[in-house]
file upload03.cif (mmCIF, C-alpha atoms)
data_target
loop_
_atom_site.label_atom_id
_atom_site.label_comp_id
_atom_site.auth_asym_id
_atom_site.auth_seq_id
_atom_site.Cartn_x
_atom_site.Cartn_y
_atom_site.Cartn_z
CA MET A 331 133.10 103.54 241.24
CA ARG A 332 135.23 105.58 243.61
CA ASN A 333 136.13 107.89 240.74
CA ASP A 334 132.48 108.37 239.86
CA SER A 335 131.51 109.40 243.36
CA LEU A 336 134.49 111.78 243.51
CA LYS A 337 133.38 113.35 240.22
CA LYS A 338 129.85 113.66 241.58
CA GLU A 339 131.05 115.39 244.76
CA ILE A 340 133.18 117.82 242.75
CA SER A 341 130.43 118.67 240.27
CA GLU A 342 127.93 119.15 243.09
CA GLY A 343 130.47 121.33 244.88
CA LEU A 344 130.91 123.52 241.79
CA ARG A 345 127.13 123.64 241.28
CA ASP A 346 126.54 124.89 244.86
CA GLY A 347 129.66 127.09 244.77
CA LEU A 348 128.47 129.06 241.74
CA PRO A 349 125.52 130.92 243.32
CA ILE A 350 127.71 131.61 246.35
CA GLY A 351 130.37 132.98 244.03
CA MET A 352 127.85 135.21 242.26
CA GLY A 353 126.79 136.77 245.51
CA TYR A 354 130.43 136.98 246.61
CA PHE A 355 131.42 138.80 243.44
CA ALA A 356 128.86 141.53 244.09
CA VAL A 357 129.72 141.92 247.76
CA ALA A 358 133.47 141.77 247.09
CA PHE A 359 133.09 144.39 244.39
CA SER A 360 131.76 146.89 246.89
CA LEU A 361 134.39 145.75 249.42
CA GLY A 362 136.99 146.55 246.73
CA ILE A 363 135.91 150.17 246.81
CA THR A 364 136.75 150.28 250.55
CA ALA A 365 140.05 148.50 249.88
CA LYS A 366 140.96 151.07 247.25
CA LEU A 367 140.47 153.85 249.81
CA ALA A 368 142.96 152.03 252.07
CA GLY A 369 145.49 152.09 249.22
CA LEU A 370 145.40 148.46 248.03
CA THR A 371 146.29 147.57 244.45
CA PRO A 372 144.01 145.09 242.61
CA LEU A 373 146.62 142.34 243.10
CA GLN A 374 146.88 143.02 246.86
CA GLY A 375 143.09 142.99 247.02
CA PHE A 376 143.00 139.62 245.26
CA VAL A 377 145.59 138.10 247.61
CA SER A 378 143.97 139.61 250.69
CA SER A 379 140.53 138.34 249.72
CA PHE A 380 141.82 134.87 248.87
CA LEU A 381 143.61 134.55 252.24
CA ASN A 382 140.98 136.18 254.45
CA HIS A 383 137.67 135.57 252.66
CA ALA A 384 135.46 137.16 255.32
CA SER A 385 133.41 140.24 254.48
CA ALA A 386 133.21 141.74 257.96
CA GLY A 387 136.81 140.78 258.74
CA GLU A 388 138.15 142.32 255.56
CA TYR A 389 136.08 145.43 256.00
CA ALA A 390 137.65 145.77 259.44
CA LEU A 391 141.11 145.10 257.96
CA TYR A 392 140.80 147.84 255.33
CA THR A 393 139.59 150.40 257.83
CA MET A 394 142.57 149.47 260.07
CA ILE A 395 145.00 149.88 257.17
CA ALA A 396 143.41 153.20 256.25
CA SER A 397 143.80 154.44 259.83
CA LYS A 398 147.39 153.07 260.08
CA ALA A 399 146.52 151.01 263.18
CA ALA A 400 149.10 148.89 265.03
CA TYR A 401 149.50 145.29 263.78
CA ALA A 402 148.58 143.87 267.20
CA GLU A 403 145.44 145.97 267.31
CA THR A 404 144.55 144.74 263.83
CA ALA A 405 145.08 141.13 264.91
CA VAL A 406 142.74 141.54 267.90
CA LEU A 407 140.04 143.18 265.83
CA ILE A 408 140.24 140.47 263.15
CA ALA A 409 139.98 137.76 265.84
CA VAL A 410 136.90 139.42 267.34
CA THR A 411 135.25 140.00 263.97
CA ASN A 412 135.83 136.40 262.94
CA ILE A 413 135.11 134.75 266.29
CA ARG A 414 131.87 133.26 264.92
CA TYR A 415 134.02 130.85 262.92
CA LEU A 416 135.08 129.26 266.22
CA LEU A 417 131.45 128.43 266.88
CA MET A 418 130.78 127.35 263.31
CA GLY A 419 133.95 125.25 263.35
CA ALA A 420 132.82 123.49 266.53
CA ALA A 421 129.45 122.73 264.95
CA PHE A 422 131.15 121.72 261.71
CA SER A 423 133.55 119.35 263.49
CA GLN A 424 130.54 117.07 263.98
CA LYS A 425 129.96 116.91 260.22
CA LEU A 426 133.46 115.55 259.50
CA ARG A 427 134.37 111.89 259.62
CA PRO A 428 136.27 111.30 262.90
CA GLU A 429 139.11 109.73 260.85
CA GLU A 430 139.37 112.78 258.54
CA PRO A 431 143.16 113.42 258.25
CA LEU A 432 144.78 116.56 259.66
CA LEU A 433 145.69 117.98 256.26
CA SER A 434 142.13 117.90 255.00
CA ARG A 435 140.90 119.33 258.32
CA LEU A 436 143.29 122.26 257.81
CA ALA A 437 142.11 122.71 254.21
CA ILE A 438 138.43 122.54 255.19
CA GLY A 439 139.06 124.91 258.10
CA PHE A 440 140.76 127.39 255.80
CA GLY A 441 137.71 127.24 253.55
CA ILE A 442 135.08 127.92 256.21
CA THR A 443 132.95 130.94 255.36
CA ASP A 444 129.37 131.62 256.40
CA GLU A 445 128.15 130.27 253.07
CA ILE A 446 130.43 127.23 252.72
CA PHE A 447 129.48 126.33 256.28
CA GLY A 448 125.83 126.69 255.26
CA ILE A 449 125.98 124.32 252.30
CA GLY A 450 128.17 121.88 254.25
CA ILE A 451 125.62 121.68 257.06
CA ALA A 452 122.88 121.05 254.49
CA ARG A 453 124.62 117.82 253.27
CA LYS A 454 123.30 114.54 254.60
CA GLY A 455 125.60 112.72 257.00
CA PHE A 456 129.34 113.38 256.97
CA VAL A 457 130.44 115.98 254.48
CA ASN A 458 132.90 115.18 251.71
CA THR A 459 136.22 117.06 251.46
CA ALA A 460 136.18 117.22 247.64
CA TYR A 461 132.67 118.68 247.69
CA LEU A 462 133.62 121.41 250.18
CA LEU A 463 136.92 122.31 248.56
CA SER A 464 135.54 122.55 245.02
CA ALA A 465 132.68 124.78 246.21
CA PHE A 466 135.14 126.85 248.22
CA MET A 467 137.70 127.24 245.41
CA LEU A 468 135.13 128.45 242.88
CA ALA A 469 133.38 130.80 245.31
CA SER A 470 136.65 132.09 246.74
CA LEU A 471 138.16 132.86 243.31
CA MET A 472 135.01 134.84 242.46
CA TRP A 473 135.29 136.62 245.81
CA SER A 474 138.95 137.50 245.14
CA ALA A 475 138.22 138.54 241.54
CA GLY A 476 135.32 140.68 242.75
CA THR A 477 137.60 142.53 245.17
CA ALA A 478 140.25 143.09 242.47
CA CYS A 479 137.58 144.34 240.03
CA GLY A 480 136.11 146.63 242.68
CA ILE A 481 139.53 148.20 243.26
CA ALA A 482 140.28 148.47 239.55
CA MET A 483 136.92 149.65 238.30
CA GLY A 484 135.40 151.44 241.27
CA SER A 485 131.78 152.16 240.59
CA VAL A 486 131.37 151.02 236.97
CA LEU A 487 128.73 148.39 237.75
CA PRO A 488 125.32 150.07 238.08
CA ALA A 489 124.01 150.17 241.65
CA CYS A 490 120.82 148.30 240.72
CA ALA A 491 122.90 145.32 239.49
CA VAL A 492 125.00 145.26 242.68
CA SER A 493 121.81 145.43 244.71
CA ALA A 494 120.21 142.50 242.87
CA LEU A 495 123.36 140.34 243.05
CA SER A 496 123.88 140.97 246.72
CA VAL A 497 120.67 139.20 247.79
CA ALA A 498 121.85 135.91 246.20
CA ILE A 499 123.63 134.94 249.42
CA TYR A 500 120.51 135.43 251.52
CA GLY A 501 118.41 133.47 249.05
CA MET A 502 120.77 130.58 249.61
CA PHE A 503 120.59 130.90 253.37
CA LEU A 504 116.80 130.67 253.10
CA ALA A 505 117.08 127.54 250.96
CA ILE A 506 119.20 126.01 253.74
CA ILE A 507 117.12 126.96 256.80
CA ILE A 508 113.54 126.76 255.48
CA PRO A 509 113.30 123.03 254.52
CA PRO A 510 114.41 121.83 258.02
CA SER A 511 111.97 124.38 259.52
CA LYS A 512 109.20 122.61 257.67
CA LYS A 513 110.24 119.21 259.04
CA ASP A 514 111.16 120.20 262.62
CA ARG A 515 108.85 122.61 264.45
CA VAL A 516 111.51 123.58 266.97
CA VAL A 517 113.87 124.63 264.17
CA GLY A 518 111.02 126.55 262.51
CA ALA A 519 110.24 128.41 265.73
CA LEU A 520 113.95 129.14 266.25
CA VAL A 521 114.26 130.61 262.77
CA ALA A 522 111.26 132.87 263.43
CA ILE A 523 112.61 133.93 266.85
CA SER A 524 116.05 134.54 265.33
CA PHE A 525 114.52 136.80 262.67
CA ILE A 526 112.65 138.80 265.30
CA LEU A 527 115.56 139.19 267.74
CA SER A 528 118.02 139.96 264.95
CA PHE A 529 115.66 142.63 263.66
CA ALA A 530 115.33 144.07 267.16
CA ALA A 531 119.12 144.05 267.65
CA ALA A 532 119.58 145.85 264.33
CA LYS A 533 116.96 148.51 265.01
CA LEU A 534 117.07 149.24 268.75
CA PRO A 535 119.25 152.32 269.41
CA MET A 536 120.82 150.78 272.53
CA PHE A 537 122.64 148.21 270.33
CA ALA A 538 123.72 150.77 267.74
CA ASN A 539 127.38 150.59 268.78
CA VAL A 540 127.59 146.79 268.74
CA SER A 541 129.09 145.40 265.51
CA GLY A 542 127.11 143.05 263.28
CA GLY A 543 129.51 140.17 263.92
CA THR A 544 129.20 140.50 267.70
CA LYS A 545 125.40 140.61 267.50
CA THR A 546 125.46 137.43 265.42
CA ILE A 547 127.58 135.60 268.02
CA VAL A 548 125.63 136.78 271.05
CA LEU A 549 122.22 136.00 269.53
CA THR A 550 123.39 132.62 268.24
CA VAL A 551 124.71 131.54 271.64
CA ILE A 552 121.67 132.74 273.60
CA ILE A 553 119.01 131.35 271.27
CA SER A 554 120.76 128.02 270.61
CA ALA A 555 121.58 127.46 274.29
CA ALA A 556 117.98 128.19 275.31
CA ALA A 557 116.72 125.79 272.65
CA ALA A 558 119.21 123.08 273.68
CA ALA A 559 118.10 123.41 277.33
CA MET A 560 114.37 123.34 276.50
CA PHE A 561 114.36 120.95 273.54
CA PRO A 562 117.38 118.62 273.79
CA LYS A 563 117.74 116.34 270.79
CA SER A 564 117.78 112.61 271.38
CA ASP A 565 120.93 110.89 270.18
CA GLU A 566 119.49 109.63 266.88
CA GLU A 567 118.05 112.98 265.86
CA GLY A 568 120.97 115.13 266.97
CA GLY A 569 123.62 114.07 264.49
CA GLU A 570 121.96 114.62 261.14
CA ALA A 571 121.29 118.17 260.09
CA MET B 252 153.77 151.69 252.14
CA SER B 253 153.08 148.83 249.79
CA SER B 254 155.05 146.31 251.92
CA ASN B 255 153.22 147.61 254.99
CA ILE B 256 149.93 146.65 253.42
CA MET B 257 151.20 143.13 252.79
CA ILE B 258 152.12 142.79 256.49
CA TYR B 259 148.60 143.84 257.49
CA ILE B 260 147.15 141.30 255.05
CA LEU B 261 149.40 138.51 256.38
CA VAL B 262 148.63 139.29 260.05
CA SER B 263 144.93 139.23 259.28
CA ALA B 264 145.23 136.04 257.21
CA LEU B 265 147.07 134.21 260.01
CA VAL B 266 144.52 135.22 262.65
CA SER B 267 141.61 134.25 260.38
CA PHE B 268 143.23 130.89 259.63
CA GLY B 269 143.81 130.18 263.33
CA VAL B 270 140.23 130.94 264.31
CA ARG B 271 138.94 128.74 261.49
CA VAL B 272 141.07 125.62 261.92
CA LEU B 273 141.28 125.48 265.73
CA PRO B 274 137.94 123.76 266.42
CA LEU B 275 138.22 121.42 263.43
CA THR B 276 141.61 120.14 264.53
CA LEU B 277 140.88 120.03 268.28
CA ILE B 278 137.43 118.40 268.20
CA ARG B 279 137.99 115.10 266.42
CA LYS B 280 135.43 112.89 268.10
CA LYS B 281 131.70 112.74 268.33
CA ILE B 282 130.57 114.94 271.24
CA GLU B 283 128.59 112.82 273.73
CA ASN B 284 127.13 115.53 276.01
CA ARG B 285 123.45 115.89 275.11
CA PHE B 286 123.20 119.62 275.80
CA LEU B 287 126.31 120.37 273.73
CA ARG B 288 125.13 118.15 270.87
CA SER B 289 121.73 119.85 270.84
CA PHE B 290 123.37 123.26 271.06
CA LEU B 291 125.65 122.54 268.09
CA TYR B 292 122.69 121.10 266.16
CA TYR B 293 120.73 124.35 266.54
CA VAL B 294 123.68 126.74 266.01
CA PRO B 295 123.79 126.67 262.18
CA TYR B 296 120.10 127.40 261.70
CA VAL B 297 120.09 130.20 264.25
CA THR B 298 123.30 131.79 262.88
CA LEU B 299 122.06 131.71 259.29
CA ALA B 300 118.65 133.07 260.30
CA VAL B 301 120.24 135.90 262.30
CA MET B 302 122.52 136.78 259.37
CA THR B 303 119.70 136.67 256.81
CA PHE B 304 117.23 139.00 258.46
CA PRO B 305 117.12 142.01 258.36
CA ALA B 306 120.33 141.99 256.24
CA ILE B 307 118.45 140.83 253.12
CA ILE B 308 116.30 143.96 253.28
CA GLU B 309 119.33 146.20 253.70
CA ALA B 310 121.25 144.51 250.87
CA ALA B 311 118.69 145.62 248.30
CA GLN B 312 118.68 149.21 247.14
CA GLU B 313 115.00 149.54 247.99
CA PRO B 314 113.78 147.87 251.21
CA ILE B 315 110.58 146.74 249.47
CA ALA B 316 112.68 144.81 246.92
CA GLY B 317 114.44 143.05 249.79
CA ILE B 318 111.11 142.17 251.42
CA VAL B 319 109.85 140.69 248.15
CA ALA B 320 113.09 138.71 247.76
CA LEU B 321 112.67 137.40 251.32
CA ALA B 322 109.10 136.28 250.61
CA VAL B 323 110.07 134.68 247.28
CA GLY B 324 112.98 132.89 248.94
CA ILE B 325 110.87 131.53 251.81
CA VAL B 326 108.04 130.32 249.54
CA LEU B 327 110.35 128.64 247.00
CA SER B 328 112.46 126.96 249.72
CA TRP B 329 109.27 125.78 251.44
CA LEU B 330 108.23 124.20 248.14
CA GLY B 331 111.59 122.42 247.98
CA ALA B 332 113.57 124.42 245.38
CA GLY B 333 117.39 124.04 245.58
CA LEU B 334 120.04 126.57 246.57
CA PHE B 335 120.76 127.85 243.08
CA PRO B 336 117.14 128.33 241.86
CA VAL B 337 116.21 130.10 245.09
CA ALA B 338 119.23 132.40 244.90
CA VAL B 339 118.58 133.27 241.25
CA CYS B 340 114.85 133.91 241.83
CA CYS B 341 115.69 136.23 244.74
CA CYS B 342 118.05 138.22 242.49
CA ILE B 343 115.47 138.38 239.69
CA SER B 344 112.75 139.52 242.07
CA VAL B 345 114.94 142.38 243.38
CA PHE B 346 115.75 143.38 239.83
CA ALA B 347 112.06 143.22 238.84
CA VAL B 348 110.83 145.24 241.83
CA GLN B 349 113.51 147.88 241.26
CA TYR B 350 112.51 148.06 237.60
CA ILE B 351 108.79 148.37 238.44
CA LEU B 352 109.62 151.17 240.92
CA THR B 353 111.35 153.15 238.17
CA LEU B 354 108.11 153.14 236.17
CA PHE B 355 106.35 155.27 238.74
#

call {"tool": "encode", "arguments": {"input": "upload03.cif", "output": "structure tokens"}}
result
Amino acid sequence: MRNDSLKKEISEGLRDGLPIGMGYFAVAFSLGITAKLAGLTPLQGFVSSFLNHASAGEYALYTMIASKAAYAETAVLIAVTNIRYLLMGAAFSQKLRPEEPLLSRLAIGFGITDEIFGIGIARKGFVNTAYLLSAFMLASLMWSAGTACGIAMGSVLPACAVSALSVAIYGMFLAIIIPPSKKDRVVGALVAISFILSFAAAKLPMFANVSGGTKTIVLTVIISAAAAAMFPKSDEEGGEA
Amino acid sequence: MSSNIMIYILVSALVSFGVRVLPLTLIRKKIENRFLRSFLYYVPYVTLAVMTFPAIIEAAQEPIAGIVALAVGIVLSWLGAGLFPVAVCCCISVFAVQYILTLF
């Protein structure tokens, strides 16, 4: 019985990890082209992508390497670019069983990406370690392979294929946020407001110098805090996403 | 030069790891504060929404292909399709729109 449910979690993890991995491969491929400019070999790109697995963070890393920045400066920039994972981690901590052991917390933490976080939040109740790690391993290997291929092959893949593959990730995000928007009007309104404000932040010239990662954090904190103040969840509703 | 690059990669990997595991190891209990619980409940949806739009339009080669993918994704998710079918249909719709555009 226990074996069966473990198998089920792993196969569901691989099933949900595959579309993430497809999108990753495409994005990582184009990231590989940046990495090549910074002087990385395909193997270094693979290792770097496996350890860092963050598109904005890695992009920042490769531009720092290319400009021969100081290590400390690189560390600060990576922390700032990835600071949204602090917020996601705090939200995600509520999806883990309180008795979840330290080792699996470290493994799950290592595996947090925007997308793995997204599918984890979409699970009912507490999320299973085997599910998360199998999704992460598959997606992350495709991410690392994509980076290595991008470095090795440059621009062999036609642009129209890269373009089509790169929307896979956003399709998945929609599949995560739209069903709860249907059920909960507040969530639906928040999604609409988030779209509008994110669009404004991307287009208004006064925010042109603010990085994408920073905009994401600032908008997330403002919109979620306003919603929490105006529409607090009662205890029963609050726990299950 | 090559060993330099590995140091950069390791520095970045350590910082990324720290940022990721800190909250998961520090927050081990259910948070009781109602505002904080509500805040953390809304965070994922808002973050994902902010990251999706307008990025989905910019990810596609042609903005119109991205807009079609967005519409297809919203409609299919509303109808209850899973992560994989929605993702695949978004890719196909971008491919299709790009192909149709080449006909003109």

call {"tool": "atom_distance", "arguments": {"input": "upload03.cif", "atom1": "atom CA of B:Tyr350", "atom2": "atom CA of A:Ser493"}}
result
12.0 Å

call {"tool": "residues_around", "arguments": {"input": "upload03.cif", "residues": "A:Lys533", "least_positions_apart": "3", "cutoff": "12 Å", "atoms": "all atoms listed in the file", "output": "list in words"}}
result
Ile526, Leu527, Ser528, Phe529, Ala530, Met536, Phe537, Ala538, Asn539, Val540, Gly542 and Lys545 of chain A; Phe304, Pro305, Ala306 and Glu309 of chain B

call {"tool": "resolve_selection", "arguments": {"input": "upload03.cif", "expression": "the PyMOL selection byres ((chain B and resi 257) around 12)", "output": "list in words"}}
result
Gly369, Leu370, Thr371, Leu373, Gln374, Gly375, Phe376, Val377, Ser378, Leu381, Leu391, Tyr392, Ile395 and Tyr401 of chain A; Met252, Ser253, Ser254, Asn255, Ile256, Ile258, Tyr259, Ile260, Leu261, Val262, Ser263 and Ala264 of chain B

call {"tool": "atom_distance", "arguments": {"input": "upload03.cif", "atom1": "atom CA of B:Gly269", "atom2": "atom CA of A:His383"}}
result
13.4 Å

call {"tool": "atom_distance", "arguments": {"input": "upload03.cif", "atom1": "atom CA of A:Thr477", "atom2": "atom CA of A:Tyr389"}}
result
11.3 Å

call {"tool": "resolve_selection", "arguments": {"input": "upload03.cif", "expression": "the PyMOL selection byres ((chain A and resi 414) around 9)", "output": "ChimeraX atom specification"}}
result
/A:410-413,415-419,543-544,546-547 /B:270,298

call {"tool": "residues_around", "arguments": {"input": "upload03.cif", "residues": "B:Val348", "least_positions_apart": "4", "cutoff": "10 Å", "atoms": "all atoms listed in the file", "output": "list in words"}}
result
Ala494 of chain A; Glu313, Ile315, Ala316, Gly317, Val319, Ala320, Ile343, Ser344, Leu352 and Thr353 of chain B

call {"tool": "closest_residue", "arguments": {"input": "upload03.cif", "among": "A:Leu367, A:Ala460, A:Leu432, A:Leu471", "to": "chain B", "atoms": "all atoms listed in the file"}}
result
A:Leu432

call {"tool": "resolve_selection", "arguments": {"input": "upload03.cif", "expression": "the PyMOL selection byres ((chain B and resi 331) around 12)", "output": "number ranges by chain"}}
result
A: 504-513; B: 324-330, 332-337

call {"tool": "build_atoms", "arguments": {"input": "upload03.cif", "residues": "stretch 397-411 of chain A", "atoms": "N, CA and C atoms", "output": "CSV table (one decimal), keeping the file's coordinate frame"}}
result
chain,number,residue,atom,x,y,z
A,397,SER,N,143.5,153.6,258.7
A,397,SER,CA,143.8,154.4,259.8
A,397,SER,C,145.2,154.2,260.4
A,398,LYS,N,146.0,153.4,259.7
A,398,LYS,CA,147.4,153.1,260.1
A,398,LYS,C,147.5,152.5,261.5
A,399,ALA,N,146.6,151.6,261.8
A,399,ALA,CA,146.5,151.0,263.2
A,399,ALA,C,147.7,150.1,263.4
A,400,ALA,N,148.0,149.8,264.7
A,400,ALA,CA,149.1,148.9,265.0
A,400,ALA,C,148.7,147.5,264.6
A,401,TYR,N,149.8,146.7,264.3
A,401,TYR,CA,149.5,145.3,263.8
A,401,TYR,C,148.8,144.5,264.9
A,402,ALA,N,149.2,144.6,266.1
A,402,ALA,CA,148.6,143.9,267.2
A,402,ALA,C,147.1,144.2,267.3
A,403,GLU,N,146.8,145.5,267.2
A,403,GLU,CA,145.4,146.0,267.3
A,403,GLU,C,144.6,145.4,266.2
A,404,THR,N,145.2,145.3,265.0
A,404,THR,CA,144.6,144.7,263.8
A,404,THR,C,144.2,143.3,264.1
A,405,ALA,N,145.3,142.6,264.7
A,405,ALA,CA,145.1,141.1,264.9
A,405,ALA,C,143.9,140.9,265.9
A,406,VAL,N,143.8,141.7,266.9
A,406,VAL,CA,142.7,141.5,267.9
A,406,VAL,C,141.4,141.8,267.2
A,407,LEU,N,141.3,142.9,266.5
A,407,LEU,CA,140.0,143.2,265.8
A,407,LEU,C,139.6,142.1,264.9
A,408,ILE,N,140.6,141.5,264.1
A,408,ILE,CA,140.2,140.5,263.2
A,408,ILE,C,139.7,139.2,263.9
A,409,ALA,N,140.4,138.9,265.0
A,409,ALA,CA,140.0,137.8,265.8
A,409,ALA,C,138.5,138.0,266.3
A,410,VAL,N,138.2,139.2,266.8
A,410,VAL,CA,136.9,139.4,267.3
A,410,VAL,C,135.9,139.4,266.2
A,411,THR,N,136.2,140.0,265.1
A,411,THR,CA,135.2,140.0,264.0
A,411,THR,C,135.0,138.6,263.5
